[in-house]
Amino acid sequence: MILRSSPTYRKKMVVAGNGLFYPIVGFASCVAFIYMSFGGLGTNLQEKTKLGFVERNGTQFMLDGKAFYINGWNSYWLMDHSVDEYTKPRVREILQAGAKMGLTVCRTWAFNDGDYNALQISPGRFNEQVFKALDHVIVEARQQGIRLLFSLVNNLQAYGGKTQYVKWAWDEGVGLSASNDSFFFDPSIRNYFKNYVKTLLTRKNTLNGIQYRDDPTIFAWELINEPRCITDASGDTLQDWIEEMSAFVKAIDKKHLLTVGLEGFYGPKNPKRLTVNPEMWASRLGSDFIRNSKVPNIDFASVHIYPDHWFHDKEFHENLKFVSKWMHSHIEDGDKELNKPVMFTEYGLSNQNKDFEPSQRDRFYKVILDAIYKSAKKNGSGAGSLVWQLFVGGMDKLARLHGPTQQQRNLKDLCSQRQ
């Protein structure tokens with residue numbers, strides 16, 4: 001998720017499961033339409049006794065020799081809620097709901113650093129109970145015919161993130177700087193992260209006996225959720241980190257696809273910063289969509305879509321125009337500059353907007369899905385999208401009934417903050 005530039009925040013949950021409800025009925029119908037229209041778009045994985053790995057051929061994802069387009073969603077909380085027995089059923093519930101909607105990929109966190117239900121308690125120390133929870137997520141996803149996009153660390157503080165890595169180094173007396181951005185350049189912290197990545201990728205699932213790097217249920221790895229390195233607006237620091245970490249991942253795991261986890265902003269040397277970026281601040285965050293995505297070990301580009309929180313003075317119809325331009329630009333980049341698939345890995349529309357009406361979500365999602373459909377018809381790089389996000393009914397009620405636990409505070413961090 002992303003901390004944004006206002007005190008209020010952005011991403012309204014979509015609830016699924018028991019008491020399944022769609023505040024965006026149009027989303028379900030749009031998904032059904034695009035799902036059926038593509039034919040091979042949503043291969044029914046449950047019909048296969050053996051899964052193949054999703055691969056890349058130029059601008060397209062490929063599965064079993066055919067183009068594979070992705071309709072999916074985000075549920076970052078799957079591992080966290082698999083730890084405790086009373087919350088564990090929610091994982092099956094949400095995966096079943098996604099499968100019934102015709103969705104094929106779920107993006108979720110494969111990290112929790114030093115926080116409540118931490119997977120990594122401290123550098124190199126792991127909680128086996130939490131690792132078994134992640135084992136469960138993978139096995140359950142396969143049973144429901146859903147593939148997983150695993151994110152490896154958070155740029156934000158929720159669930160530890162780069163802040164926790166910096167704190168570990170500082171507490172051990174080896175940190176070069178107290179700046180959160182030292183995550184990207186401090187050699188000790190880089191080694192912490194590499195050790196984590198190696199442990200995760202070589203993990204042998206206790207439920208099916210398959211190492212994560214050998215399991216095709218995993219669609220791809222994402223290096224970091226929404227990276228920003230504002231202390232180096234040139235982008236060199238983040239670029240060096242992406243090059244090093246992508247090579248490290250590929251040295252361990254050559255079977256899975258890899259993406260960065262970008263928001264999609266153009267950097268200070270890219271002319272599109274003036275014509276496509278939402279505002280000038282977006283070019284000063286230390287990232288650059290083209291430069292970062294061109295790294296040879298990065299298999300596909302990632303983009304997020306949140307116009308209602310990138311702008312503060314535009315009407316809804318203006319935001320829709322921006323979405324069309326934003327998507328067209330990035331798909332064009334995938335076709336002409338990157339020769340890689342472009343995946344819109346987060347998109348959403350907040351119901352906290354002052355002019356919000358439920359019908360706006362239908363129109364918002366339709367613009368996004370239509371753009372991908374149009375690209376796919378031409379064998380273009382628009383490869384799929386993941387809505388933010390789906391929850392099981394009742395999750396939001398727990399905080400009201402029992403008071404805020406660390407889980408709920410993390411939920412609030414992810415769903416109600418901006419930078």
# chains A, B, ... in the order shown; residues from 1 in each chain; ligands from 1
call {"tool": "select_by_dssp", "arguments": {"residues": "segment 81-124 of chain A", "states": "alpha helix (DSSP H)", "output": "ChimeraX atom specification"}}
result
/A:81-82,89-100
call {"tool": "closest_atom_pairs", "arguments": {"of": "segment 333-392 of chain A", "to": "segment 279-291 of chain A", "cutoff": "8 Å", "atoms": "only C-alpha atoms", "output": "CSV"}}
result
residue,atom,partner,partner_atom,distance
A:Asp333,CA,A:Ile290,CA,7.5
A:Glu337,CA,A:Ile290,CA,7.9
A:Leu338,CA,A:Ile290,CA,7.4
call {"tool": "write_last_selection", "arguments": {"atoms": "C-alpha atoms", "output": "short mmCIF file (atom, residue, chain, number, x, y, z; two decimals), in the first residue's frame"}}
result
data_model
loop_
_atom_site.label_atom_id
_atom_site.label_comp_id
_atom_site.auth_asym_id
_atom_site.auth_seq_id
_atom_site.Cartn_x
_atom_site.Cartn_y
_atom_site.Cartn_z
CA ASP A 333 5.84 1.82 -22.91
CA GLU A 337 10.24 0.57 -25.03
CA LEU A 338 10.23 -2.35 -22.62
#
call {"tool": "closest_atom_pairs", "arguments": {"of": "segment 238-321 of chain A", "to": "segment 193-208 of chain A", "cutoff": "9 Å", "atoms": "only C-alpha atoms", "output": "Markdown table"}}
result
| residue | atom | partner | partner_atom | distance |
| --- | --- | --- | --- | --- |
| A:Met245 | CA | A:Lys194 | CA | 7.5 |
| A:Phe248 | CA | A:Lys194 | CA | 7.5 |
| A:Val249 | CA | A:Val197 | CA | 7.3 |
| A:Ile252 | CA | A:Lys198 | CA | 7.2 |
| A:Asp253 | CA | A:Leu201 | CA | 7.2 |
call {"tool": "select_by_dssp", "arguments": {"residues": "segment 122-206 of chain A", "states": "strand (DSSP E or B)", "output": "PyMOL selection string"}}
result
chain A and resi 122+125-126+147-151+154+204
call {"tool": "residues_around", "arguments": {"residues": "Phe344 of chain A", "least_positions_apart": "6", "cutoff": "6 Å", "atoms": "only C-alpha atoms", "output": "NGL selection string"}}
result
:A and (302-304 or 385)
call {"tool": "write_last_selection", "arguments": {"atoms": "C-alpha atoms", "output": "PDB file, in the first residue's frame"}}
result
ATOM      1  CA  SER A 302       3.945  -2.970 -12.417  1.00  0.00           C
ATOM      2  CA  VAL A 303       1.748   0.125 -12.151  1.00  0.00           C
ATOM      3  CA  HIS A 304      -0.784   1.404  -9.595  1.00  0.00           C
ATOM      4  CA  SER A 385      -5.049  -5.925 -13.278  1.00  0.00           C
TER       5      SER A 385
END
call {"tool": "closest_residue", "arguments": {"among": "A:Trp388, A:Leu262, A:His328, A:Ile146", "to": "Val367 of chain A", "atoms": "only C-alpha atoms"}}
result
A:His328
call {"tool": "residues_around", "arguments": {"residues": "segment 182-188 of chain A", "least_positions_apart": "6", "cutoff": "9 Å", "atoms": "only C-alpha atoms", "output": "PyMOL selection string"}}
result
chain A and resi 162-163+165-166+169+174-176+229+237-238+240-242
call {"tool": "write_last_selection", "arguments": {"atoms": "C-alpha atoms", "output": "compact mmCIF listing (two decimals), in the first residue's frame"}}
result
# COMPACT_ATOMS: atom_id res chain seq x y z
CA LYS A 162 12.20 -0.99 5.30
CA THR A 163 11.87 0.95 8.58
CA TYR A 165 15.34 -3.33 8.62
CA VAL A 166 16.96 0.04 9.34
CA ALA A 169 20.87 -2.44 11.75
CA VAL A 174 26.09 -1.62 12.14
CA GLY A 175 23.74 0.86 10.48
CA LEU A 176 25.22 3.61 8.35
CA CYS A 229 13.89 6.68 -2.22
CA THR A 237 20.24 4.47 -5.40
CA LEU A 238 16.98 2.63 -6.07
CA ASP A 240 21.29 -0.01 -8.07
CA TRP A 241 19.21 -1.86 -5.44
CA ILE A 242 16.79 -3.20 -8.07
call {"tool": "residues_around", "arguments": {"residues": "Ile298 of chain A", "least_positions_apart": "5", "cutoff": "9 Å", "atoms": "only C-alpha atoms", "output": "PyMOL selection string"}}
result
chain A and resi 242-243+246-247+257-260+292-293+340
call {"tool": "closest_residue", "arguments": {"among": "A:Glu346, A:Asp362, A:Glu315, A:Glu244", "to": "Cys106 of chain A", "atoms": "only C-alpha atoms"}}
result
A:Glu346
call {"tool": "closest_residue", "arguments": {"among": "A:Leu156, A:Val387, A:Val91, A:Ile189", "to": "Pro227 of chain A", "atoms": "only C-alpha atoms"}}
result
A:Leu156
call {"tool": "residues_around", "arguments": {"residues": "Phe126 of chain A", "least_positions_apart": "3", "cutoff": "12 Å", "atoms": "only C-alpha atoms", "output": "number ranges by chain"}}
result
A: 111-115, 117-123, 129-132, 195-196, 199-200, 203
call {"tool": "closest_residue", "arguments": {"among": "A:Val323, A:Leu390, A:Val153, A:Val105", "to": "Ala220 of chain A", "atoms": "only C-alpha atoms"}}
result
A:Val105
call {"tool": "residues_around", "arguments": {"residues": "Val342 of chain A", "least_positions_apart": "3", "cutoff": "9 Å", "atoms": "only C-alpha atoms", "output": "ChimeraX atom specification"}}
result
/A:59-60,300-303,330-331,333-335,381-384
call {"tool": "atom_distance", "arguments": {"atom1": "atom CA of Gly209 of chain A", "atom2": "atom CA of Asp135 of chain A"}}
result
9.7 Å
call {"tool": "atom_distance", "arguments": {"atom1": "atom CA of Gly173 of chain A", "atom2": "atom CA of Gly160 of chain A"}}
result
19.0 Å
